[in-house]
file model.txt (compact mmCIF, C-alpha atoms)
# COMPACT_ATOMS: atom_id res chain seq x y z
CA MET A 141 -60.15 34.80 290.28
CA LEU A 142 -62.00 34.15 293.50
CA GLU A 143 -64.84 36.47 292.50
CA ASP A 144 -66.06 33.65 290.24
CA ILE A 145 -66.46 31.39 293.26
CA TYR A 146 -67.97 33.71 295.86
CA TYR A 147 -71.33 35.19 294.98
CA GLN A 148 -71.68 38.56 296.67
CA GLY A 149 -75.03 38.78 298.42
CA ASN A 150 -76.89 39.89 301.48
CA THR A 151 -79.03 36.84 302.14
CA PHE A 152 -79.54 35.07 305.45
CA ILE A 153 -77.06 32.34 304.48
CA HIS A 154 -74.44 34.91 303.45
CA LYS A 155 -74.73 36.49 306.91
CA PHE A 156 -74.76 33.14 308.73
CA ASP A 157 -71.69 32.70 310.95
CA ALA A 158 -68.79 31.19 308.94
CA ARG A 159 -67.89 28.74 311.74
CA ALA A 160 -71.47 27.49 311.95
CA LYS A 161 -71.57 27.21 308.16
CA LEU A 162 -68.44 25.04 308.15
CA ILE A 163 -69.98 22.70 310.74
CA ALA A 164 -73.22 22.64 308.74
CA LEU A 165 -71.26 21.70 305.60
CA ALA A 166 -69.68 18.75 307.43
CA GLU A 167 -73.11 17.68 308.68
CA PHE A 168 -74.61 17.88 305.19
CA VAL A 169 -71.81 15.72 303.76
CA ILE A 170 -72.22 13.14 306.57
CA PHE A 171 -76.00 13.19 306.10
CA PHE A 172 -75.72 11.94 302.51
CA PHE A 173 -74.01 8.79 303.84
CA PHE A 174 -76.82 8.06 306.31
CA PRO A 175 -78.70 4.78 305.81
CA VAL A 176 -82.04 6.60 305.41
CA SER A 177 -84.60 6.22 302.63
CA ILE A 178 -83.93 7.69 299.21
CA THR A 179 -87.02 9.90 299.60
CA ILE A 180 -85.53 11.64 302.65
CA LEU A 181 -82.21 12.13 300.84
CA ALA A 182 -84.03 13.53 297.78
CA VAL A 183 -86.09 15.97 299.89
CA PHE A 184 -82.91 17.20 301.59
CA LEU A 185 -81.23 17.60 298.21
CA LEU A 186 -84.21 19.61 297.01
CA PHE A 187 -83.86 21.95 300.00
CA ILE A 188 -80.17 22.51 299.19
CA MET A 189 -81.09 23.27 295.57
CA ILE A 190 -83.68 25.83 296.70
CA PHE A 191 -81.18 27.46 299.08
CA LEU A 192 -78.62 27.63 296.27
CA ILE A 193 -81.08 29.25 293.85
CA VAL A 194 -82.19 31.77 296.49
CA THR A 195 -78.67 32.69 297.58
CA ALA A 196 -76.62 32.44 294.40
CA ARG A 197 -79.11 32.35 291.51
CA ILE A 198 -80.07 29.43 289.32
CA ASN A 199 -76.88 29.73 287.24
CA SER A 200 -74.78 28.49 290.17
CA LEU A 201 -76.96 25.41 290.44
CA LEU A 202 -76.91 24.76 286.69
CA ASN A 203 -73.13 25.23 286.43
CA SER A 204 -72.52 22.80 289.27
CA LEU A 205 -74.87 20.23 287.77
CA LYS A 206 -73.29 20.67 284.34
CA ALA A 207 -69.83 20.05 285.80
CA ILE A 208 -70.83 16.75 287.42
CA LEU A 209 -73.19 15.54 284.69
CA PRO A 210 -70.75 13.15 282.90
CA LEU A 211 -69.81 11.41 286.16
CA LEU A 212 -73.45 11.38 287.24
CA ILE A 213 -74.48 9.60 284.03
CA LEU A 214 -71.64 7.13 284.56
CA VAL A 215 -72.81 6.44 288.12
CA LEU A 216 -76.41 5.87 286.99
CA PHE A 217 -75.34 3.64 284.11
CA ILE A 218 -72.59 1.52 285.70
CA THR A 219 -73.74 1.05 289.32
CA PRO A 220 -76.73 -1.27 288.57
CA PHE A 221 -74.31 -3.83 287.07
CA PHE A 222 -72.56 -4.15 290.44
CA ASN A 223 -75.70 -5.19 292.34
CA ARG A 224 -78.10 -7.59 290.63
CA THR A 225 -79.85 -8.84 293.74
CA GLY A 226 -83.54 -8.20 294.49
CA ASN A 227 -86.45 -8.14 292.06
CA PRO A 228 -85.24 -8.48 288.45
CA ILE A 229 -86.23 -5.60 286.17
CA LEU A 230 -84.46 -6.60 282.95
CA ILE A 231 -83.62 -10.22 282.14
CA ILE A 232 -81.76 -11.25 278.97
CA SER A 233 -81.20 -14.95 278.16
CA GLY A 234 -82.08 -15.92 281.72
CA LYS A 235 -79.53 -13.51 283.22
CA THR A 236 -80.57 -10.56 285.37
CA ILE A 237 -79.17 -7.37 283.86
CA PHE A 238 -80.92 -4.79 286.02
CA SER A 239 -82.51 -5.42 289.38
CA HIS A 240 -84.47 -3.24 291.78
CA ASN A 241 -81.61 -3.11 294.32
CA GLY A 242 -79.09 -2.13 291.65
CA ILE A 243 -81.26 0.75 290.43
CA MET A 244 -81.81 1.91 294.02
CA ASP A 245 -78.04 1.83 294.67
CA ALA A 246 -77.45 3.94 291.55
CA LEU A 247 -80.08 6.47 292.64
CA ARG A 248 -78.68 6.67 296.17
CA LEU A 249 -75.14 7.27 294.87
CA ALA A 250 -76.34 9.86 292.34
CA ILE A 251 -78.23 11.76 295.07
CA ARG A 252 -75.24 11.47 297.41
CA PHE A 253 -72.80 12.82 294.84
CA THR A 254 -75.13 15.64 293.77
CA GLY A 255 -75.91 16.49 297.41
CA ILE A 256 -72.24 16.67 298.42
CA THR A 257 -71.41 18.74 295.33
CA LEU A 258 -74.22 21.23 295.89
CA SER A 259 -73.46 21.50 299.62
CA PHE A 260 -69.91 22.54 298.77
CA THR A 261 -71.16 24.92 296.07
CA LEU A 262 -73.56 26.52 298.56
CA TYR A 263 -70.76 26.94 301.10
CA PHE A 264 -68.25 28.46 298.66
CA LYS A 265 -70.84 30.68 296.96
CA THR A 266 -71.94 32.22 300.23
CA THR A 267 -68.68 32.43 302.21
CA SER A 268 -65.96 34.95 301.41
CA MET A 269 -62.37 33.69 301.38
CA GLU A 270 -61.48 35.93 304.37
CA ASN A 271 -64.27 34.45 306.50
CA MET A 272 -63.41 30.96 305.32
CA ILE A 273 -59.77 31.30 306.41
CA LEU A 274 -60.73 33.06 309.68
CA SER A 275 -63.14 30.26 310.53
CA LEU A 276 -60.51 27.62 309.71
CA ARG A 277 -58.11 29.49 311.99
CA TRP A 278 -60.77 29.50 314.71
CA PHE A 279 -60.89 25.70 314.36
CA GLY A 280 -57.10 25.46 314.82
CA LEU A 281 -55.50 26.07 311.40
CA SER A 282 -52.04 27.52 312.04
CA PHE A 283 -51.30 31.14 311.16
CA ASN A 284 -48.48 30.06 308.84
CA LEU A 285 -50.74 27.76 306.83
CA SER A 286 -53.47 30.38 306.52
CA LEU A 287 -50.79 32.81 305.35
CA VAL A 288 -49.67 30.30 302.71
CA ILE A 289 -53.26 30.04 301.40
CA THR A 290 -53.79 33.79 301.37
CA ILE A 291 -50.52 34.66 299.61
CA SER A 292 -50.70 31.81 297.10
CA LEU A 293 -54.16 33.00 296.06
CA ARG A 294 -52.56 36.33 295.19
CA TYR A 295 -49.65 34.66 293.40
CA ILE A 296 -51.76 32.32 291.24
CA PRO A 297 -52.93 35.03 288.77
CA TYR A 298 -49.41 36.46 288.69
CA ILE A 299 -47.65 33.17 287.87
CA LEU A 300 -50.48 32.33 285.46
CA SER A 301 -49.77 35.53 283.52
CA VAL A 302 -46.05 34.65 283.53
CA TYR A 303 -46.93 31.21 282.11
CA ARG A 304 -49.06 32.76 279.35
CA ASN A 305 -46.32 35.27 278.47
CA VAL A 306 -43.73 32.49 278.25
CA VAL A 307 -46.05 30.37 276.06
CA ASP A 308 -46.63 33.37 273.75
CA ALA A 309 -42.90 34.06 273.56
CA HIS A 310 -42.16 30.43 272.64
CA LYS A 311 -45.00 30.42 270.09
CA LEU A 312 -43.50 33.47 268.39
CA ARG A 313 -40.33 31.45 267.89
CA LYS A 314 -42.48 28.48 266.79
CA SER A 315 -40.84 26.34 269.47
CA TYR A 316 -44.08 25.58 271.29
CA ILE A 317 -46.91 24.16 269.25
CA GLN A 318 -49.18 21.50 270.78
CA LYS A 319 -50.67 19.44 267.96
CA ARG A 320 -53.33 16.91 268.84
CA LYS A 321 -51.79 14.33 266.54
CA ALA A 322 -48.29 14.60 268.07
CA THR A 323 -47.18 11.75 270.31
CA PHE A 324 -47.43 12.09 274.06
CA ILE A 325 -43.63 12.21 274.41
CA THR A 326 -43.43 15.00 271.78
CA LYS A 327 -46.05 17.00 273.65
CA ILE A 328 -44.15 16.63 276.92
CA ARG A 329 -40.90 17.55 275.14
CA ASN A 330 -42.54 20.63 273.60
CA ILE A 331 -43.90 21.93 276.88
CA ARG A 332 -40.66 21.32 278.83
CA PRO A 333 -38.84 24.59 277.95
CA VAL A 334 -41.97 26.57 278.83
CA LEU A 335 -42.24 24.91 282.23
CA ILE A 336 -38.53 25.37 282.97
CA SER A 337 -38.77 29.11 282.23
CA VAL A 338 -41.87 29.52 284.39
CA LEU A 339 -40.37 27.51 287.25
CA ILE A 340 -37.07 29.40 287.31
CA TYR A 341 -38.91 32.72 287.18
CA SER A 342 -41.18 31.65 290.05
CA ILE A 343 -38.44 30.07 292.19
CA LYS A 344 -36.40 33.27 291.97
CA LYS A 345 -39.29 35.01 293.70
CA ILE A 346 -38.90 32.83 296.83
CA PRO A 347 -36.02 34.80 298.47
CA ILE A 348 -37.73 38.10 297.59
CA LEU A 349 -41.03 36.99 299.13
CA ALA A 350 -39.14 35.68 302.17
CA MET A 351 -37.50 39.08 302.65
CA VAL A 352 -40.88 40.82 302.43
CA LEU A 353 -42.37 38.42 304.99
CA GLU A 354 -39.43 38.93 307.36
CA LYS A 355 -39.88 42.70 307.09
CA LYS A 356 -43.50 42.17 308.10
CA GLY A 357 -42.39 40.28 311.21
CA ILE A 358 -43.34 36.80 310.05
CA GLY A 359 -41.43 34.22 312.04
CA ARG A 360 -41.30 36.23 315.26
CA LYS A 361 -42.65 34.61 318.37
CA ASN A 362 -44.78 37.46 319.74
CA ARG A 363 -48.55 37.09 319.47
CA ARG A 364 -50.00 38.48 316.25
CA THR A 365 -53.06 40.65 316.01
CA SER A 366 -55.50 40.43 313.15
CA TYR A 367 -57.16 43.23 311.22
CA LEU A 368 -59.98 41.00 309.98
CA LYS A 369 -62.09 39.28 312.60
CA LEU A 370 -65.10 37.00 312.71
CA LYS A 371 -68.12 38.28 314.59
CA SER A 372 -67.87 37.65 318.32
CA ILE A 373 -69.29 34.42 319.70
CA LYS A 374 -71.94 36.44 321.59
CA LEU A 375 -73.26 37.86 318.33
CA ALA A 376 -73.13 34.40 316.75
CA VAL A 377 -75.37 32.82 319.42
CA PRO A 378 -78.56 32.91 317.25
CA ASP A 379 -76.62 31.23 314.43
CA MET A 380 -75.32 28.57 316.81
CA ILE A 381 -78.86 27.92 318.11
CA LEU A 382 -80.05 27.49 314.53
CA LEU A 383 -77.11 25.18 313.84
CA SER A 384 -78.09 23.07 316.87
CA ILE A 385 -81.67 22.79 315.58
CA LEU A 386 -80.32 21.81 312.15
CA THR A 387 -78.03 19.22 313.75
CA ILE A 388 -80.95 17.69 315.68
CA ALA A 389 -83.06 17.67 312.49
CA VAL A 390 -80.32 16.02 310.45
CA PHE A 391 -79.54 13.32 313.00
CA SER A 392 -83.19 12.66 313.84
CA THR A 393 -83.67 11.39 310.26
CA LEU A 394 -81.79 8.30 311.42
CA PHE A 395 -84.72 7.43 313.68
CA LEU A 396 -87.43 8.03 311.09
CA LYS A 397 -89.22 4.95 309.85
CA LYS A 398 -88.54 4.24 306.20
CA ILE A 399 -90.84 6.34 304.06
CA MET B 200 -27.28 32.01 300.42
CA GLU B 201 -28.88 30.37 303.44
CA SER B 202 -27.98 26.77 304.25
CA LYS B 203 -30.60 24.02 304.53
CA ASN B 204 -30.60 23.94 308.33
CA THR B 205 -30.89 27.66 308.91
CA LEU B 206 -33.82 28.49 306.64
CA SER B 207 -36.05 30.96 308.44
CA SER B 208 -39.75 30.27 308.84
CA ALA B 209 -40.44 33.21 306.49
CA PHE B 210 -38.30 31.47 303.85
CA LYS B 211 -40.14 28.18 304.38
CA ILE B 212 -43.51 29.93 304.13
CA SER B 213 -42.52 31.69 300.91
CA THR B 214 -41.19 28.41 299.42
CA VAL B 215 -44.41 26.58 300.15
CA THR B 216 -46.47 29.56 298.95
CA ILE B 217 -44.79 29.74 295.56
CA LEU B 218 -44.91 25.95 295.17
CA THR B 219 -48.62 25.95 296.04
CA ALA B 220 -49.28 28.56 293.35
CA ILE B 221 -47.19 26.56 290.85
CA THR B 222 -49.06 23.34 291.66
CA THR B 223 -52.42 25.10 291.22
CA ILE B 224 -51.39 26.54 287.85
CA PHE B 225 -49.95 23.23 286.63
CA THR B 226 -53.26 21.60 287.57
CA ILE B 227 -55.62 24.19 286.09
CA ALA B 228 -53.78 25.79 283.20
CA VAL B 229 -51.13 23.42 281.91
CA ARG B 230 -52.96 20.65 280.12
CA ILE B 231 -51.86 18.20 277.47
CA PRO B 232 -54.50 16.90 275.06
CA ILE B 233 -54.83 13.12 274.66
CA ALA B 234 -55.91 12.23 271.14
CA PRO B 235 -57.90 8.99 271.61
CA THR B 236 -60.35 10.29 274.20
CA ARG B 237 -60.17 13.97 273.19
CA GLY B 238 -59.62 14.59 276.89
CA TYR B 239 -56.78 16.25 278.78
CA ILE B 240 -54.30 15.29 281.43
CA ASN B 241 -53.22 18.01 283.81
CA LEU B 242 -49.68 18.43 285.07
CA GLY B 243 -50.52 18.78 288.77
CA ASP B 244 -48.59 15.61 289.53
CA VAL B 245 -45.58 16.91 287.60
CA ALA B 246 -45.51 19.82 290.08
CA ILE B 247 -45.82 17.41 293.02
CA TYR B 248 -42.95 15.16 291.84
CA PHE B 249 -40.87 18.25 291.07
CA SER B 250 -41.55 19.78 294.52
CA ALA B 251 -40.85 16.54 296.36
CA ILE B 252 -37.54 15.93 294.56
CA THR B 253 -36.31 19.53 294.60
CA PHE B 254 -37.72 20.96 297.83
CA GLY B 255 -38.18 17.92 300.10
CA PRO B 256 -41.11 16.00 301.59
CA PHE B 257 -42.63 18.68 303.80
CA SER B 258 -42.78 21.36 301.11
CA ALA B 259 -44.40 18.77 298.82
CA LEU B 260 -46.85 17.72 301.54
CA VAL B 261 -48.23 21.23 301.96
CA SER B 262 -47.91 22.51 298.39
CA GLY B 263 -49.21 19.27 296.83
CA GLY B 264 -52.24 19.17 299.12
CA LEU B 265 -53.07 22.86 299.12
CA GLY B 266 -52.23 23.42 295.44
CA THR B 267 -54.51 20.70 294.12
CA ALA B 268 -57.27 21.57 296.62
CA LEU B 269 -57.17 25.22 295.50
CA ALA B 270 -57.22 24.05 291.87
CA ASP B 271 -60.39 22.04 292.58
CA ILE B 272 -62.03 25.02 294.28
CA LEU B 273 -61.05 27.48 291.54
CA SER B 274 -62.22 25.22 288.73
CA GLY B 275 -65.63 24.55 290.26
CA TYR B 276 -65.03 21.04 291.63
CA SER B 277 -64.85 22.05 295.28
CA GLN B 278 -66.44 18.75 296.40
CA TRP B 279 -63.13 17.01 295.60
CA ALA B 280 -60.98 19.59 297.43
CA PRO B 281 -60.73 17.78 300.81
CA ILE B 282 -59.91 14.49 299.05
CA SER B 283 -57.32 16.13 296.77
CA PHE B 284 -55.78 17.85 299.79
CA ALA B 285 -55.35 14.55 301.63
CA VAL B 286 -54.40 12.35 298.67
CA HIS B 287 -51.96 14.69 296.88
CA GLY B 288 -50.48 15.95 300.14
CA LEU B 289 -49.73 12.38 301.20
CA GLU B 290 -48.43 11.62 297.71
CA GLY B 291 -45.95 14.50 297.91
CA LEU B 292 -44.84 13.48 301.41
CA VAL B 293 -44.29 9.83 300.46
CA ILE B 294 -42.38 10.67 297.24
CA GLY B 295 -40.24 13.22 299.09
CA LEU B 296 -39.42 10.86 301.95
CA ILE B 297 -38.43 8.04 299.58
CA VAL B 298 -36.24 10.30 297.43
CA GLN B 299 -34.65 11.82 300.54
CA HIS B 300 -33.94 8.40 302.03
CA PHE B 301 -32.49 6.70 298.95
CA TYR B 302 -30.90 9.59 297.09
CA GLY B 303 -28.14 11.70 298.62
CA GLU B 304 -25.63 14.06 297.02
CA ASN B 305 -23.05 11.28 296.44
CA SER B 306 -25.50 8.51 295.54
CA SER B 307 -24.79 6.11 292.69
CA THR B 308 -26.94 5.85 289.56
CA ALA B 309 -28.35 2.58 290.89
CA ASN B 310 -29.55 4.37 294.03
CA LEU B 311 -31.10 7.03 291.87
CA ILE B 312 -33.04 4.49 289.81
CA VAL B 313 -34.19 2.65 292.94
CA ALA B 314 -35.31 5.93 294.52
CA TRP B 315 -37.30 7.04 291.49
CA THR B 316 -38.84 3.61 290.90
CA LEU B 317 -39.96 3.31 294.52
CA ALA B 318 -41.18 6.91 294.50
CA PHE B 319 -43.26 6.24 291.39
CA ILE B 320 -44.76 3.02 292.79
CA ALA B 321 -45.55 4.59 296.16
CA GLY B 322 -46.86 7.79 294.56
CA THR B 323 -49.16 5.83 292.25
CA VAL B 324 -50.43 3.60 295.04
CA VAL B 325 -51.15 6.58 297.29
CA MET B 326 -52.70 8.79 294.59
CA ALA B 327 -54.63 6.27 292.49
CA GLY B 328 -55.47 4.12 295.53
CA GLY B 329 -56.53 7.13 297.60
CA TYR B 330 -58.88 8.42 294.93
CA LEU B 331 -60.27 4.92 294.30
CA LEU B 332 -61.03 4.52 298.00
CA ALA B 333 -62.62 7.96 298.37
CA GLU B 334 -64.59 7.77 295.11
CA ASN B 335 -65.81 4.30 296.04
CA PHE B 336 -67.70 5.85 298.96
CA ILE B 337 -68.99 8.86 297.03
CA VAL B 338 -69.81 7.59 293.52
CA GLY B 339 -69.55 3.82 293.96
CA LEU B 340 -67.01 1.25 292.85
CA GLY B 341 -68.12 1.18 289.19
CA ALA B 342 -67.58 4.86 288.51
CA ALA B 343 -64.47 4.92 290.71
CA LEU B 344 -62.87 2.16 288.63
CA THR B 345 -63.38 4.14 285.41
CA GLU B 346 -61.25 6.96 286.89
CA LEU B 347 -58.40 4.62 287.84
CA PRO B 348 -56.58 4.45 284.44
CA GLY B 349 -56.65 8.25 284.16
CA ASN B 350 -55.09 8.61 287.60
CA ILE B 351 -52.35 6.12 286.75
CA ILE B 352 -51.60 7.98 283.47
CA GLN B 353 -51.48 11.20 285.48
CA ASN B 354 -48.83 9.66 287.72
CA ILE B 355 -46.80 8.39 284.77
CA ALA B 356 -46.87 11.93 283.38
CA GLY B 357 -45.93 13.15 286.87
CA ILE B 358 -42.71 11.17 287.06
CA ALA B 359 -41.95 11.52 283.32
CA GLY B 360 -42.22 15.30 283.61
CA GLY B 361 -41.19 15.89 287.23
CA ILE B 362 -37.75 14.26 287.21
CA PRO B 363 -36.44 15.98 284.02
CA LEU B 364 -37.78 19.28 285.33
CA ALA B 365 -36.06 18.81 288.71
CA LEU B 366 -32.75 17.99 286.99
CA ALA B 367 -33.07 20.87 284.53
CA ILE B 368 -33.86 23.41 287.24
CA LYS B 369 -30.95 22.19 289.37
CA LYS B 370 -28.66 22.71 286.38
CA ALA B 371 -30.10 26.05 285.28
CA TYR B 372 -30.49 27.57 288.75
CA PRO B 373 -27.99 25.86 291.14
CA PRO B 374 -28.92 27.89 294.29
CA VAL B 375 -32.18 25.90 294.36
CA VAL B 376 -30.37 23.05 296.20
CA ASN B 377 -30.27 25.30 299.27
CA PHE B 378 -34.05 25.72 299.26
CA LYS B 379 -34.66 22.10 300.35
CA TRP B 380 -35.87 21.41 303.91
call {"tool": "encode", "arguments": {"input": "model.txt", "output": "structure tokens"}}
result
Amino acid sequence: MLEDIYYQGNTFIHKFDARAKLIALAEFVIFFFFPVSITILAVFLLFIMIFLIVTARINSLLNSLKAILPLLILVLFITPFFNRTGNPILIISGKTIFSHNGIMDALRLAIRFTGITLSFTLYFKTTSMENMILSLRWFGLSFNLSLVITISLRYIPYILSVYRNVVDAHKLRKSYIQKRKATFITKIRNIRPVLISVLIYSIKKIPILAMVLEKKGIGRKNRRTSYLKLKSIKLAVPDMILLSILTIAVFSTLFLKKI
Amino acid sequence: MESKNTLSSAFKISTVTILTAITTIFTIAVRIPIAPTRGYINLGDVAIYFSAITFGPFSALVSGGLGTALADILSGYSQWAPISFAVHGLEGLVIGLIVQHFYGENSSTANLIVAWTLAFIAGTVVMAGGYLLAENFIVGLGAALTELPGNIIQNIAGIAGGIPLALAIKKAYPPVVNFKW
């Protein structure tokens, strides 16, 4: 399931330290809220797009854009109506419909939303789940919570297959058919037995999983060791230097005169 | 069977783990088509209401937040994952705390109705309000307002599906009452 998210590669960004990448992601997101000119935001967005194409192929970029397209169109269409100050662009019966400021607001929001989306895509496409969780642990995520994430990712496909089996079983008995024309209440009523079966099946796994975890020493107080490790901080120094340069570059845009 | 107060941390971890997986699946896979818009509503909130009522506020906090965040990441909308984590986690916590406070084992039907009504109002305010606030900053007020009705419908589905499920599971699998913490 996760293979669809992470794009296996050997590029510079793939090898970049996961902790530094997480900080860079936060910086990128903050950057798109900066009160800088739209040109600067657009140039930055273009850089992210190029990085994404280089590291995870053009399909990753296109899929991300396709997913946000409806909301993006909505943003571009609706936002100008909320700000009609500035030079009028379209006037109907003496009323300003579109103004320069409204259009600029819409553009800024569209770039912001696209930028944040693509920054996240770049991060998830180039960071494996192990490194992601290890870096979160390095930043203070508890062992128990990281364990919850790791095990639930393994349980999702399993419970999903249980859900599909139950749906198929109910369909065979014609007790589960979701018609588009049926009322909402009927649809809920139809799906209820399926959900009850799946939930009981899953809940019964809780004591079994708990026993397995106890056998593995989960819950004991002694310090745990970890088989998987991030690269040592010494080896990550070049990445951290690069991150510092990036940070300076990002924050220096605040002092640039409007282009 | 273990009692509520003596649940080991391994048991708590496994409870939250399974609930997280359930929440993710209810969000990604279980969808009900809505005829007028030809869109879908997901049942992620059903899982959150169910978890909060059956397993308590803290299980719902973690599973609601993590489950919906994982669903966002797995379905290619990772940009919403931090917001979903915060909003749905808080939603689960608030619903769980209200139900726990107003609804005990010997509570009257009136208490039950009060608990569920307050849980629904608080859950809707936290979820729909939280998304409205976050989306306002990211996509602007106009686009954020268009998402508001969908989020409210999602919450109505959450309580309409979550409560019957919680009652049915309690009846069909009684040991589940000992899994609450």
call {"tool": "atom_distance", "arguments": {"input": "model.txt", "atom1": "CA of Val325 in chain B", "atom2": "CA of Gly288 in chain B"}}
result
9.8 Å
call {"tool": "interface_residues", "arguments": {"input": "model.txt", "of": "chain A", "to": "chain B", "cutoff": "6 Å", "atoms": "all atoms listed in the file", "output": "list in words"}}
result
Val215, Ile218, Thr219, Leu249, Phe253, Thr257, Phe260, Val288, Ser292, Ile296, Arg320, Ile346, Leu349, Ala350, Leu353, Glu354, Ile358 and Gly359 of chain A
call {"tool": "atom_distance", "arguments": {"input": "model.txt", "atom1": "CA of His310 in chain A", "atom2": "CA of Ile247 in chain B"}}
result
24.5 Å
call {"tool": "residues_around", "arguments": {"input": "model.txt", "residues": "range 364-377 of chain A", "least_positions_apart": "3", "cutoff": "8 Å", "atoms": "all atoms listed in the file", "output": "list of chain:residue names"}}
result
A:Asp157, A:Ala158, A:Glu270, A:Asn271, A:Leu274, A:Ser275, A:Met380, A:Ile381
call {"tool": "residues_around", "arguments": {"input": "model.txt", "residues": "Phe173 in chain A", "least_positions_apart": "2", "cutoff": "12 Å", "atoms": "all atoms listed in the file", "output": "list in words"}}
result
Ala166, Glu167, Phe168, Val169, Ile170, Phe171, Pro175, Val176, Ser177, Ile178, Ile180, Leu181, Arg248, Leu249, Ala250, Ile251, Arg252, Phe253, Gly255, Ile256, Val390, Phe391, Thr393 and Leu394 of chain A; Phe336, Ile337, Val338 and Gly339 of chain B
call {"tool": "closest_residue", "arguments": {"input": "model.txt", "among": "B:Leu331, B:Ala314, B:Leu296, B:Ala268", "to": "Leu293 in chain A", "atoms": "all atoms listed in the file"}}
result
B:Ala268
call {"tool": "residues_near_point", "arguments": {"input": "model.txt", "point": "(-53.2, 12.7, 286.0)", "cutoff": "10 Å", "atoms": "only C-alpha atoms", "output": "short mmCIF file (atom, residue, chain, number, x, y, z; two decimals) with C-alpha atoms, in the frame of the given file"}}
result
data_model
loop_
_atom_site.label_atom_id
_atom_site.label_comp_id
_atom_site.auth_asym_id
_atom_site.auth_seq_id
_atom_site.Cartn_x
_atom_site.Cartn_y
_atom_site.Cartn_z
CA THR B 226 -53.26 21.60 287.57
CA ARG B 230 -52.96 20.65 280.12
CA TYR B 239 -56.78 16.25 278.78
CA ILE B 240 -54.30 15.29 281.43
CA ASN B 241 -53.22 18.01 283.81
CA LEU B 242 -49.68 18.43 285.07
CA GLY B 243 -50.52 18.78 288.77
CA ASP B 244 -48.59 15.61 289.53
CA VAL B 245 -45.58 16.91 287.60
CA MET B 326 -52.70 8.79 294.59
CA ALA B 327 -54.63 6.27 292.49
CA GLU B 346 -61.25 6.96 286.89
CA LEU B 347 -58.40 4.62 287.84
CA PRO B 348 -56.58 4.45 284.44
CA GLY B 349 -56.65 8.25 284.16
CA ASN B 350 -55.09 8.61 287.60
CA ILE B 351 -52.35 6.12 286.75
CA ILE B 352 -51.60 7.98 283.47
CA GLN B 353 -51.48 11.20 285.48
CA ASN B 354 -48.83 9.66 287.72
CA ILE B 355 -46.80 8.39 284.77
CA ALA B 356 -46.87 11.93 283.38
CA GLY B 357 -45.93 13.15 286.87
#
call {"tool": "residues_around", "arguments": {"input": "model.txt", "residues": "range 289-295 of chain B", "least_positions_apart": "4", "cutoff": "9 Å", "atoms": "all atoms listed in the file", "output": "ChimeraX atom specification"}}
result
/B:244,247-248,250-264,284-285,299-300,314-315,317-319,321-326
call {"tool": "atom_distance", "arguments": {"input": "model.txt", "atom1": "CA of Asn150 in chain A", "atom2": "CA of Ile188 in chain A"}}
result
17.8 Å
call {"tool": "closest_residue", "arguments": {"input": "model.txt", "among": "A:His154, A:Ala207, A:Ile163, A:Asp144", "to": "Ser384 in chain A", "atoms": "only C-alpha atoms"}}
result
A:Ile163
